[in-house]
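Asks: Next up, target_13.txt (compact mmCIF, C-alpha atoms).
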```
# COMPACT_ATOMS: atom_id res chain seq x y z
CA MET A 1 3.41 -16.01 -5.91
CA LEU A 2 4.19 -12.36 -5.14
CA LYS A 3 4.37 -10.35 -8.35
CA THR A 4 6.93 -7.68 -9.08
CA ARG A 5 5.34 -4.26 -9.48
CA ILE A 6 5.64 -1.67 -12.24
CA ILE A 7 4.83 1.71 -10.77
CA PRO A 8 4.41 4.89 -12.81
CA CYS A 9 5.82 7.81 -10.87
CA LEU A 10 4.05 11.11 -11.37
CA THR A 11 5.94 14.23 -10.32
CA ILE A 12 3.74 17.19 -9.56
CA LYS A 13 4.76 20.85 -9.50
CA ASP A 14 2.22 23.67 -9.21
CA LEU A 15 -0.45 20.98 -9.47
CA ARG A 16 0.74 20.09 -12.97
CA LEU A 17 2.38 16.90 -14.07
CA VAL A 18 6.07 17.52 -14.79
CA LYS A 19 9.14 15.56 -15.80
CA SER A 20 12.72 16.30 -14.83
CA VAL A 21 16.15 15.36 -16.04
CA GLN A 22 18.59 14.70 -13.19
CA PHE A 23 16.13 16.49 -10.91
CA GLY A 24 16.37 19.70 -12.95
CA GLU A 25 14.66 21.22 -16.02
CA HIS A 26 11.14 20.37 -14.91
CA ARG A 27 9.09 20.20 -18.05
CA ASN A 28 5.34 20.58 -17.88
CA ILE A 29 3.72 17.42 -19.25
CA GLY A 30 0.07 18.11 -18.61
CA SER A 31 -2.69 17.00 -16.33
CA TYR A 32 -2.02 14.50 -13.57
CA ILE A 33 -5.64 13.37 -13.50
CA ALA A 34 -5.58 12.60 -17.23
CA ALA A 35 -2.42 10.57 -16.71
CA ALA A 36 -3.91 8.80 -13.69
CA ARG A 37 -7.01 7.91 -15.73
CA VAL A 38 -4.93 6.37 -18.49
CA PHE A 39 -2.91 4.34 -16.00
CA ASN A 40 -6.07 3.22 -14.27
CA ALA A 41 -7.56 2.08 -17.57
CA ARG A 42 -4.30 0.24 -18.23
CA ASP A 43 -4.74 -1.64 -14.94
CA VAL A 44 -1.42 -0.45 -13.53
CA ASP A 45 -0.09 -2.13 -10.34
CA GLU A 46 0.35 1.03 -8.27
CA LEU A 47 0.90 4.77 -8.62
CA ILE A 48 3.33 7.08 -6.88
CA PHE A 49 2.75 10.84 -6.72
CA LEU A 50 5.63 13.08 -5.71
CA ASP A 51 4.73 16.69 -5.09
CA ILE A 52 7.96 18.62 -5.38
CA ASP A 53 6.57 21.85 -4.04
CA GLY A 54 4.72 20.20 -1.17
CA ARG A 55 7.08 21.75 1.32
CA ARG A 56 6.54 25.22 -0.07
CA THR A 57 2.87 25.27 -0.93
CA GLY A 58 1.37 22.65 1.35
CA LEU A 59 -0.05 19.17 0.89
CA LYS A 60 -2.36 18.67 -2.06
CA PHE A 61 -5.40 16.96 -0.64
CA LYS A 62 -7.44 18.00 -3.65
CA LEU A 63 -5.18 15.93 -5.88
CA LEU A 64 -5.69 12.87 -3.72
CA GLU A 65 -9.44 13.34 -3.56
CA GLU A 66 -9.66 13.56 -7.35
CA VAL A 67 -7.43 10.59 -8.00
CA THR A 68 -9.00 8.28 -5.41
CA LYS A 69 -12.45 8.78 -6.87
CA GLU A 70 -11.36 7.01 -10.02
CA CYS A 71 -8.37 4.85 -9.21
CA PHE A 72 -8.76 1.65 -7.28
CA MET A 73 -5.14 0.68 -6.98
CA PRO A 74 -2.56 1.52 -4.30
CA LEU A 75 -1.41 5.12 -4.13
CA THR A 76 1.72 6.44 -2.51
CA LEU A 77 2.01 10.15 -1.94
CA GLY A 78 5.17 12.04 -1.07
CA GLY A 79 6.46 15.59 -1.05
CA GLY A 80 6.53 17.98 1.89
CA VAL A 81 5.24 15.48 4.44
CA ASN A 82 6.56 16.70 7.77
CA THR A 83 4.31 15.67 10.62
CA ILE A 84 2.22 12.82 11.99
CA GLU A 85 -0.87 14.93 11.43
CA ASP A 86 0.11 15.35 7.74
CA MET A 87 0.27 11.59 7.42
CA ARG A 88 -2.98 10.96 9.25
CA LEU A 89 -4.85 13.38 6.98
CA LEU A 90 -3.28 11.99 3.82
CA LEU A 91 -4.19 8.44 4.81
CA LYS A 92 -7.72 9.48 5.64
CA THR A 93 -8.03 11.22 2.27
CA GLY A 94 -7.05 8.11 0.37
CA ALA A 95 -3.30 7.61 0.26
CA ASP A 96 -2.25 4.07 1.12
CA LYS A 97 1.39 4.75 1.71
CA ILE A 98 3.21 7.96 2.49
CA ALA A 99 6.71 8.69 1.25
CA ILE A 100 8.91 10.77 3.53
CA ASN A 101 12.30 12.10 2.50
CA THR A 102 13.77 15.35 3.82
CA ALA A 103 11.68 15.23 6.99
CA ALA A 104 13.20 11.83 7.81
CA ILE A 105 16.75 13.00 7.08
CA GLU A 106 16.30 16.01 9.35
CA ASN A 107 14.62 13.98 12.06
CA PRO A 108 15.09 10.21 11.78
CA GLU A 109 12.85 9.74 14.82
CA PHE A 110 9.96 10.69 12.52
CA ILE A 111 10.32 7.30 10.82
CA SER A 112 10.00 5.41 14.10
CA GLU A 113 7.12 7.56 15.26
CA SER A 114 5.10 7.22 12.06
CA ALA A 115 5.76 3.47 11.84
CA SER A 116 4.58 2.91 15.37
CA ILE A 117 1.39 4.93 14.87
CA PHE A 118 0.41 3.93 11.35
CA GLY A 119 2.31 0.68 10.92
CA SER A 120 5.47 0.14 8.87
CA GLN A 121 3.49 -0.80 5.81
CA CYS A 122 2.34 2.82 5.41
CA VAL A 123 5.80 4.34 5.68
CA VAL A 124 7.97 4.57 2.58
CA VAL A 125 11.34 6.23 3.05
CA SER A 126 12.30 7.92 -0.16
CA ILE A 127 16.04 8.23 -0.78
CA ASP A 128 17.53 10.35 -3.57
CA VAL A 129 21.12 9.53 -4.45
CA ARG A 130 24.01 11.01 -6.46
CA ARG A 131 27.28 9.27 -7.07
CA VAL A 132 29.89 11.50 -5.47
CA ASN A 133 33.49 10.27 -5.78
CA ASP A 134 33.17 6.64 -4.81
CA MET A 135 30.12 6.96 -2.66
CA PHE A 136 26.40 6.77 -3.20
CA GLU A 137 25.53 9.97 -1.36
CA VAL A 138 22.06 10.85 -0.07
CA PHE A 139 20.70 14.27 -1.09
CA GLY A 140 17.74 16.00 0.55
CA HIS A 141 15.50 18.88 -0.51
CA ASN A 142 14.78 17.55 -3.99
CA GLY A 143 18.38 16.74 -4.70
CA VAL A 144 20.04 20.00 -3.71
CA ALA A 145 21.22 19.36 -0.17
CA ALA A 146 24.20 17.04 0.20
CA THR A 147 23.98 15.10 3.46
CA GLY A 148 27.36 13.38 3.45
CA ARG A 149 25.49 10.17 4.25
CA SER A 150 25.84 6.90 2.41
CA ALA A 151 22.66 5.55 0.83
CA LEU A 152 23.41 2.11 2.26
CA HIS A 153 23.76 3.31 5.82
CA TRP A 154 20.72 5.52 5.57
CA ALA A 155 18.59 2.75 4.08
CA LYS A 156 19.64 0.39 6.87
CA GLU A 157 18.86 2.99 9.50
CA ALA A 158 15.47 3.64 7.91
CA GLU A 159 14.73 -0.08 8.00
CA LYS A 160 15.81 -0.35 11.61
CA ARG A 161 13.52 2.52 12.53
CA GLY A 162 10.52 0.84 10.96
CA ALA A 163 10.27 1.90 7.32
CA GLY A 164 8.12 -0.53 5.35
CA GLU A 165 9.70 0.15 1.95
CA ILE A 166 12.58 2.10 0.45
CA PHE A 167 11.89 4.20 -2.66
CA LEU A 168 15.34 4.59 -4.14
CA THR A 169 16.01 7.14 -6.88
CA SER A 170 19.22 7.75 -8.75
CA ILE A 171 19.35 11.48 -9.44
CA ASP A 172 22.13 10.92 -12.00
CA HIS A 173 19.96 8.52 -14.01
CA ASP A 174 16.70 10.45 -13.63
CA GLY A 175 15.19 11.32 -17.01
CA MET A 176 18.19 10.05 -18.94
CA MET A 177 16.44 6.89 -20.11
CA ASN A 178 19.74 5.01 -20.15
CA GLY A 179 18.86 2.37 -17.63
CA TYR A 180 18.61 2.26 -13.85
CA ASP A 181 21.67 2.57 -11.64
CA VAL A 182 21.66 -1.19 -11.13
CA GLU A 183 24.73 -1.14 -8.88
CA LEU A 184 23.07 1.31 -6.49
CA ILE A 185 19.86 -0.70 -6.42
CA ARG A 186 21.74 -3.96 -5.86
CA GLU A 187 23.82 -2.62 -3.00
CA VAL A 188 20.83 -1.22 -1.15
CA SER A 189 18.61 -4.27 -1.86
CA ARG A 190 21.28 -6.49 -0.38
CA ALA A 191 21.67 -4.31 2.66
CA VAL A 192 18.01 -4.38 3.74
CA ARG A 193 15.22 -6.95 4.01
CA ILE A 194 12.33 -4.65 3.22
CA PRO A 195 11.12 -4.12 -0.35
CA VAL A 196 13.12 -1.69 -2.47
CA ILE A 197 11.40 0.23 -5.26
CA ALA A 198 13.92 1.30 -7.91
CA CYS A 199 13.54 4.62 -9.69
CA GLY A 200 15.49 6.72 -12.16
CA GLY A 201 16.62 5.85 -15.67
CA ALA A 202 14.22 3.35 -17.21
CA GLY A 203 14.36 3.80 -20.97
CA ASN A 204 13.48 0.44 -22.48
CA LEU A 205 11.92 -2.90 -21.60
CA ASP A 206 15.22 -4.62 -20.80
CA ASP A 207 16.02 -2.01 -18.15
CA PHE A 208 13.23 -3.47 -16.03
CA VAL A 209 14.60 -6.99 -16.38
CA SER A 210 18.09 -5.88 -15.27
CA VAL A 211 16.97 -3.86 -12.28
CA ILE A 212 14.94 -6.81 -11.01
CA LYS A 213 17.24 -9.72 -11.88
CA GLU A 214 20.60 -8.06 -11.24
CA GLY A 215 19.50 -5.24 -8.99
CA GLY A 216 17.17 -7.26 -6.79
CA ALA A 217 14.46 -4.59 -6.87
CA SER A 218 11.05 -5.69 -5.56
CA ALA A 219 9.35 -3.09 -7.74
CA SER A 220 10.34 -0.64 -10.49
CA ALA A 221 9.10 2.90 -10.78
CA ALA A 222 9.39 4.89 -13.98
CA ALA A 223 8.18 8.09 -15.55
CA SER A 224 9.91 9.19 -18.76
CA ILE A 225 9.33 5.89 -20.50
CA PHE A 226 5.57 6.29 -20.06
CA GLN A 227 5.52 9.99 -20.85
CA TYR A 228 7.84 10.04 -23.86
CA THR A 229 7.40 6.62 -25.46
CA GLN A 230 4.52 4.34 -26.39
CA VAL A 231 5.51 1.71 -23.86
CA THR A 232 2.69 0.73 -21.53
CA PRO A 233 2.85 -0.99 -18.14
CA GLN A 234 1.38 -4.08 -19.79
CA ASN A 235 4.22 -4.15 -22.39
CA ILE A 236 6.68 -4.15 -19.51
CA ARG A 237 4.84 -6.83 -17.55
CA GLN A 238 4.68 -9.07 -20.60
CA HIS A 239 8.41 -8.58 -21.25
CA LEU A 240 9.17 -9.46 -17.63
CA ALA A 241 6.97 -12.54 -17.81
CA ASP A 242 8.83 -13.63 -20.94
CA ALA A 243 12.06 -13.25 -18.98
CA GLY A 244 10.71 -15.57 -16.29
CA ILE A 245 9.82 -12.90 -13.75
CA GLU A 246 6.51 -13.22 -11.89
CA THR A 247 4.17 -10.36 -12.79
CA ARG A 248 0.50 -9.54 -13.00
CA VAL A 249 0.09 -10.28 -16.66
CA MET L 1 -27.32 0.67 4.07
CA ILE L 2 -23.62 0.14 4.54
CA THR L 3 -21.65 1.75 7.32
CA ILE L 4 -17.90 2.06 7.12
CA VAL L 5 -16.72 2.33 10.69
CA ASP L 6 -14.61 5.42 11.26
CA TYR L 7 -12.27 4.77 14.15
CA GLY L 8 -9.48 6.99 12.92
CA MET L 9 -7.43 4.20 11.43
CA GLY L 10 -6.44 4.70 7.86
CA ASN L 11 -7.95 4.68 4.45
CA ILE L 12 -11.67 5.20 4.90
CA GLY L 13 -11.76 7.43 1.80
CA SER L 14 -10.65 4.62 -0.47
CA VAL L 15 -13.19 2.16 0.83
CA LYS L 16 -15.96 4.74 0.51
CA ASN L 17 -14.95 5.58 -3.05
CA ALA L 18 -15.03 1.94 -4.03
CA LEU L 19 -18.54 1.58 -2.61
CA LEU L 20 -19.76 4.77 -4.28
CA HIS L 21 -18.31 3.52 -7.55
CA LEU L 22 -20.44 0.39 -7.08
CA GLY L 23 -23.50 2.53 -6.49
CA ALA L 24 -23.92 1.53 -2.87
CA ASP L 25 -25.78 3.44 -0.20
CA VAL L 26 -22.83 4.12 2.09
CA LEU L 27 -22.12 6.09 5.21
CA ILE L 28 -18.91 6.76 7.13
CA SER L 29 -19.73 6.79 10.80
CA ASN L 30 -18.90 5.70 14.30
CA SER L 31 -22.29 6.30 15.84
CA ALA L 32 -24.14 3.43 17.45
CA LYS L 33 -27.36 4.53 15.74
CA ASP L 34 -25.91 4.34 12.23
CA ILE L 35 -24.34 0.98 12.91
CA GLU L 36 -27.59 -0.39 14.33
CA GLU L 37 -29.53 0.79 11.28
CA SER L 38 -27.15 -0.66 8.71
CA SER L 39 -27.45 -4.00 7.00
CA HIS L 40 -23.71 -4.21 6.29
CA ILE L 41 -20.76 -3.05 8.36
CA ILE L 42 -17.24 -2.62 7.04
CA LEU L 43 -14.28 -2.27 9.38
CA PRO L 44 -11.29 -1.07 7.36
CA GLY L 45 -7.93 -0.56 8.94
CA VAL L 46 -4.41 0.43 8.32
CA GLY L 47 -2.16 0.62 11.33
CA SER L 48 -1.19 -1.32 14.37
CA PHE L 49 -3.30 -3.80 16.32
CA GLY L 50 -2.86 -2.11 19.66
CA ASP L 51 -3.72 1.28 18.27
CA GLY L 52 -6.77 -0.10 16.49
CA MET L 53 -8.21 -1.70 19.63
CA LYS L 54 -7.48 1.41 21.67
CA LYS L 55 -9.42 3.57 19.25
CA LEU L 56 -12.36 1.14 19.13
CA GLU L 57 -12.50 1.12 22.90
CA GLU L 58 -12.25 4.89 23.22
CA LEU L 59 -15.19 5.28 20.86
CA GLY L 60 -17.28 2.70 22.68
CA LEU L 61 -17.43 0.66 19.51
CA VAL L 62 -16.37 -2.72 20.89
CA LYS L 63 -19.74 -3.19 22.55
CA VAL L 64 -21.73 -1.61 19.70
CA LEU L 65 -20.12 -3.81 17.06
CA LYS L 66 -20.48 -6.96 19.16
CA GLU L 67 -24.17 -6.31 19.61
CA ALA L 68 -24.73 -5.51 15.93
CA VAL L 69 -22.68 -8.36 14.48
CA LEU L 70 -22.75 -11.19 17.02
CA GLY L 71 -26.06 -10.17 18.57
CA ARG L 72 -28.13 -9.07 15.58
CA GLY L 73 -26.29 -10.93 12.81
CA LYS L 74 -25.49 -7.95 10.60
CA LEU L 75 -23.16 -8.68 7.72
CA PHE L 76 -19.60 -7.68 8.62
CA LEU L 77 -16.45 -7.32 6.52
CA GLY L 78 -13.09 -6.63 8.15
CA ILE L 79 -10.33 -5.42 5.83
CA CYS L 80 -6.65 -5.90 6.65
CA LEU L 81 -6.33 -4.65 10.25
CA GLY L 82 -10.12 -4.92 10.39
CA MET L 83 -9.78 -8.68 9.84
CA GLN L 84 -6.91 -9.03 12.31
CA LEU L 85 -8.88 -7.35 15.10
CA LEU L 86 -11.35 -10.26 15.03
CA ALA L 87 -8.77 -12.36 16.89
CA GLU L 88 -8.52 -12.86 20.63
CA SER L 89 -5.08 -11.30 20.70
CA GLY L 90 -2.36 -9.75 18.58
CA GLU L 91 1.40 -9.75 18.97
CA GLU L 92 2.19 -6.49 17.19
CA GLY L 93 4.15 -4.18 19.48
CA GLY L 94 3.46 -6.33 22.52
CA LEU L 95 0.49 -8.51 23.39
CA HIS L 96 -2.87 -6.81 22.92
CA LYS L 97 -6.42 -8.03 23.31
CA GLY L 98 -8.58 -8.13 20.16
CA LEU L 99 -12.32 -8.28 19.62
CA GLY L 100 -12.22 -12.03 20.24
CA TRP L 101 -14.97 -12.94 17.77
CA LEU L 102 -12.67 -15.63 16.38
CA LYS L 103 -10.50 -17.88 18.49
CA GLY L 104 -6.87 -17.39 17.54
CA LYS L 105 -4.18 -14.80 17.45
CA VAL L 106 -2.36 -12.43 15.12
CA ARG L 107 1.34 -12.94 14.51
CA LYS L 108 4.12 -11.82 12.24
CA PHE L 109 5.36 -13.74 9.22
CA GLN L 110 7.94 -16.37 10.19
CA VAL L 111 9.81 -16.69 6.93
CA ASN L 112 13.30 -16.36 5.54
CA GLU L 113 13.29 -12.59 5.09
CA GLU L 114 16.23 -12.72 2.69
CA VAL L 115 13.90 -14.39 0.22
CA PHE L 116 10.51 -13.20 1.44
CA ARG L 117 10.82 -9.53 2.35
CA VAL L 118 8.50 -8.35 5.10
CA PRO L 119 6.17 -6.41 4.91
CA HIS L 120 4.45 -8.57 2.31
CA ILE L 121 3.70 -5.83 -0.21
CA GLY L 122 2.22 -6.24 -3.66
CA TRP L 123 -0.15 -8.32 -5.71
CA ASP L 124 -0.31 -11.96 -4.72
CA ASP L 125 -2.40 -14.99 -5.65
CA VAL L 126 -5.16 -16.16 -3.38
CA ARG L 127 -6.65 -19.67 -3.42
CA PRO L 128 -10.28 -19.45 -2.31
CA ASP L 129 -12.27 -22.35 -0.97
CA SER L 130 -14.89 -23.42 -3.51
CA GLN L 131 -17.65 -22.43 -1.08
CA ALA L 132 -16.24 -18.98 -0.38
CA VAL L 133 -19.06 -16.67 -1.44
CA LEU L 134 -16.94 -13.52 -1.44
CA PHE L 135 -14.85 -14.87 -4.32
CA SER L 136 -17.71 -15.88 -6.54
CA GLY L 137 -17.09 -14.96 -10.18
CA ILE L 138 -13.67 -13.45 -9.59
CA SER L 139 -10.79 -14.09 -11.93
CA PRO L 140 -7.92 -13.73 -11.41
CA THR L 141 -7.99 -14.10 -7.64
CA THR L 142 -4.97 -11.84 -7.29
CA PHE L 143 -5.18 -9.03 -4.77
CA TYR L 144 -3.04 -6.32 -3.22
CA PHE L 145 -1.50 -7.08 0.13
CA VAL L 146 0.42 -4.75 2.41
CA HIS L 147 1.03 -6.26 5.85
CA SER L 148 3.53 -7.86 8.17
CA PHE L 149 1.06 -9.66 10.41
CA PHE L 150 -1.84 -12.04 9.85
CA LEU L 151 -4.56 -13.81 11.80
CA VAL L 152 -4.18 -17.48 12.67
CA PRO L 153 -7.62 -18.83 13.61
CA GLU L 154 -7.92 -21.88 15.83
CA GLU L 155 -10.94 -23.16 13.94
CA LYS L 156 -9.45 -23.99 10.57
CA ASP L 157 -12.85 -24.23 8.92
CA VAL L 158 -13.30 -20.44 9.06
CA ILE L 159 -10.49 -20.05 6.54
CA ALA L 160 -12.10 -19.06 3.24
CA ALA L 161 -8.95 -18.44 1.20
CA ILE L 162 -5.23 -18.97 1.47
CA CYS L 163 -2.17 -17.12 0.26
CA ASP L 164 1.35 -18.53 0.23
CA TYR L 165 4.28 -16.22 0.96
CA GLY L 166 7.06 -18.25 2.47
CA GLU L 167 4.37 -19.81 4.57
CA GLU L 168 0.66 -20.31 3.99
CA PHE L 169 -1.60 -17.86 5.77
CA PRO L 170 -5.33 -17.07 5.73
CA ALA L 171 -6.10 -14.48 3.07
CA ALA L 172 -9.79 -14.50 3.99
CA ILE L 173 -12.08 -15.87 6.67
CA GLN L 174 -15.78 -16.48 6.85
CA LYS L 175 -17.82 -17.44 9.89
CA LYS L 176 -21.58 -17.13 9.31
CA ASN L 177 -22.13 -13.37 8.88
CA ILE L 178 -18.55 -12.41 9.68
CA PHE L 179 -16.11 -11.97 6.78
CA GLY L 180 -12.53 -10.84 6.78
CA VAL L 181 -9.92 -10.27 4.09
CA GLN L 182 -6.24 -9.68 4.76
CA PHE L 183 -5.72 -7.95 1.40
CA HIS L 184 -7.20 -4.63 0.26
CA PRO L 185 -10.10 -5.22 -2.12
CA GLU L 186 -10.58 -1.44 -2.47
CA LYS L 187 -7.09 -1.34 -3.94
CA SER L 188 -7.27 -4.44 -6.06
CA GLN L 189 -8.79 -3.03 -9.21
CA LYS L 190 -11.46 -5.18 -10.89
CA SER L 191 -10.99 -8.27 -8.76
CA GLY L 192 -11.26 -6.25 -5.58
CA LEU L 193 -14.30 -4.29 -6.68
CA LYS L 194 -16.06 -7.57 -7.56
CA LEU L 195 -15.32 -8.93 -4.11
CA ILE L 196 -16.79 -5.84 -2.46
CA LYS L 197 -19.79 -6.15 -4.76
CA ASN L 198 -20.24 -9.78 -3.71
CA PHE L 199 -20.20 -8.68 -0.08
CA ILE L 200 -22.77 -5.92 -0.46
CA GLN L 201 -25.07 -8.21 -2.43
CA LEU L 202 -25.26 -10.67 0.44
CA SER L 203 -28.45 -10.33 2.40
CA GLU L 204 -29.05 -10.97 6.06
CA LYS L 205 -30.53 -14.34 6.79
```
Any chance you could put this one into structure tokens?

Replies:
Amino acid sequence: MLKTRIIPCLTIKDLRLVKSVQFGEHRNIGSYIAAARVFNARDVDELIFLDIDGRRTGLKFKLLEEVTKECFMPLTLGGGVNTIEDMRLLLKTGADKIAINTAAIENPEFISESASIFGSQCVVVSIDVRRVNDMFEVFGHNGVAATGRSALHWAKEAEKRGAGEIFLTSIDHDGMMNGYDVELIREVSRAVRIPVIACGGAGNLDDFVSVIKEGGASASAAASIFQYTQVTPQNIRQHLADAGIETRV
Amino acid sequence: MITIVDYGMGNIGSVKNALLHLGADVLISNSAKDIEESSHIILPGVGSFGDGMKKLEELGLVKVLKEAVLGRGKLFLGICLGMQLLAESGEEGGLHKGLGWLKGKVRKFQVNEEVFRVPHIGWDDVRPDSQAVLFSGISPTTFYFVHSFFLVPEEKDVIAAICDYGEEFPAAIQKKNIFGVQFHPEKSQKSGLKLIKNFIQLSEK
């Protein structure tokens, strides 16, 4: 049976591992390769790397080369990916899936193009969301550019254009460790038939159970809980298994 | 020597790293000479069927691989798209001709997508045939899949392992010196590395 996935999300800025709160206050945590090694030793399901200055300072192939030498689990890389050539090079260097965000918002055709060349399974559309009035609004450019678009509509359009997965982050819940935005995750998971990876807010073991059982997430990404607490991916998987959810225990 | 065929499709780096980690003598190449001199050939692949075949044809590799694998019996492992290309045809993005080393075709999952989201992405259990040499000594037989299509061979006895995701589909095939896995062993941690090790330890008969 297909297992749910627990995916540590590593945010990179200036080639350092950082952690944000509501997409601001990026605190320097340390070395991404040290973190990757620990996760690898802990037999984690997958890793996601988001390079928040990718757009400004270029794609970090060096990071990928270093990580892929030691980690034999799936890697998704996002941050500043703008062109087909970017994706081709990242895949060749060792990324398995590429997350696109702002580039897709600015040119939705990019989703269709990349899916048709590399296959949908390589294309993750990353959607960052703030609750604005009564809407789940999509924000681009690392959370600063309001698009006026609804997360639901955008997710559905991304699916229609060939996205293989949606990586859905609640900016409001990011770094707060108060739980995922389960309502957001549920609404988007119901609206599409491709896997949805939930992100933003995980603070304790039960948060993972809720986002999967009530939110319908296919996978849960988290950062603060791994960086600021002693919780390991295995703790989470065991807790999920105890709650009757299929995992890689 | 092991050659990983470089036809411009996807994650060659990962496959190479896995082999280097296992201490193998590995080369990334698309030259006929390297392929002819290797004992083992790996065809990785991430991408679409049509694109994959087009690239193999452009590089003149269809003939080279056929000669090396079907002609000279070199050990061959196709990974993901690399396994799918073994078929006579594939339905992804229109009907395309494959390598045709196995009778059968490649099609998309026909499942209730409300329950079984497609692409099939994540770690899933594989049930290997007791004779399947690639899976020898592996536990758990859980591997990472990321695909929407799979190969349906006409000869059912080439199926070496099965996975069940809404419907049963071949997770691995074996026909004499030709092996294929639908999942990504280079991304499947210990279980995957052991499978790759099993492959490289096979010797030509």

Asks: Can you work out which one of L:Ser203, L:Gln174, L:Ser188, L:Ser31 has the shortest atom-to-atom distance to chain A, counting only C-alpha atoms?

Replies: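 Ranking L:Ser203, L:Gln174, L:Ser188, L:Ser31 by distance to chain A, first place goes to L:Ser188.
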
Asks: Would you kindly return, as an MDAnalysis selection string, each protein, DNA or RNA residue with an atom no farther than 10 Å from any atom of segment 10-14 of chain A, considering only C-alpha atoms and excluding same-chain residues fewer than 4 positions away?

Replies: chainID A and resid 18:20 26:32 35:36 47:54 57 60 63 77:79 221:224 227

Asks: Determine which residues of chain L sit within 8 Å of chain A, taking into account only C-alpha atoms, and present them as a ChimeraX atom specification.

Replies: /L:8-14,17-18,21,46-48,51,113-114,117-119,121-125,144,146-148,164-165,186-189

Asks: Between atom CA of Glu88 of chain L and atom CA of Lys54 of chain L, what is the distance in Å, rounded to a tenth?

Replies: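 Distance reported for this atom pair: 14.3 Å.
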
Asks: Distance atom CA of Ile212 of chain A-atom CA of Val231 of chain A, one decimal place?

Replies: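 One can read the atom CA of Ile212 of chain A to atom CA of Val231 of chain A distance as 18.1 Å.
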
Asks: For Ile138 of chain L, please output as a PyMOL selection string all residues within 7 Å (counting all atoms listed in the file; exclusion window: fewer than 3 positions along the same chain).

Replies: chain L and resi 135+141+191+194

Asks: Kindly give the distance, in Å, that separates atom CA of Gly166 of chain L and atom CA of Val111 of chain L, rounded to a single decimal.

Replies: 5.5 Å

Asks: Do a neighbour search on Glu37 of chain L at 12 Å with all atoms listed in the file, toss out local chain neighbours closer than 5 positions, and write the hits as a list in words.

Replies: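 Near neighbours after the sequence-gap exclusion: Met1, Ile2, Thr3, Val26, Leu27, Ser29, Ser31, Ala32, Val64, Leu65, Ala68, Val69, Arg72, Lys74 and Leu75 of chain L.
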
Asks: Would you export the selected residues with C-alpha atoms as an mmCIF file, keeping the file's coordinate frame, please?

Replies:
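Saved as out30.cif:
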```cif
data_model
loop_
_atom_site.group_PDB
_atom_site.id
_atom_site.type_symbol
_atom_site.label_atom_id
_atom_site.label_comp_id
_atom_site.auth_asym_id
_atom_site.auth_seq_id
_atom_site.Cartn_x
_atom_site.Cartn_y
_atom_site.Cartn_z
ATOM 1 C CA MET L 1 -27.320 0.670 4.070
ATOM 2 C CA ILE L 2 -23.620 0.140 4.540
ATOM 3 C CA THR L 3 -21.650 1.750 7.320
ATOM 4 C CA VAL L 26 -22.830 4.120 2.090
ATOM 5 C CA LEU L 27 -22.120 6.090 5.210
ATOM 6 C CA SER L 29 -19.730 6.790 10.800
ATOM 7 C CA SER L 31 -22.290 6.300 15.840
ATOM 8 C CA ALA L 32 -24.140 3.430 17.450
ATOM 9 C CA VAL L 64 -21.730 -1.610 19.700
ATOM 10 C CA LEU L 65 -20.120 -3.810 17.060
ATOM 11 C CA ALA L 68 -24.730 -5.510 15.930
ATOM 12 C CA VAL L 69 -22.680 -8.360 14.480
ATOM 13 C CA ARG L 72 -28.130 -9.070 15.580
ATOM 14 C CA LYS L 74 -25.490 -7.950 10.600
ATOM 15 C CA LEU L 75 -23.160 -8.680 7.720
#
```

Asks: From the set A:Thr229, A:Glu85, A:Ile171, A:Ala198, which residue has the shortest atom-to-atom contact distance to Phe139 of chain A, counting only C-alpha atoms?

Replies: A:Ile171
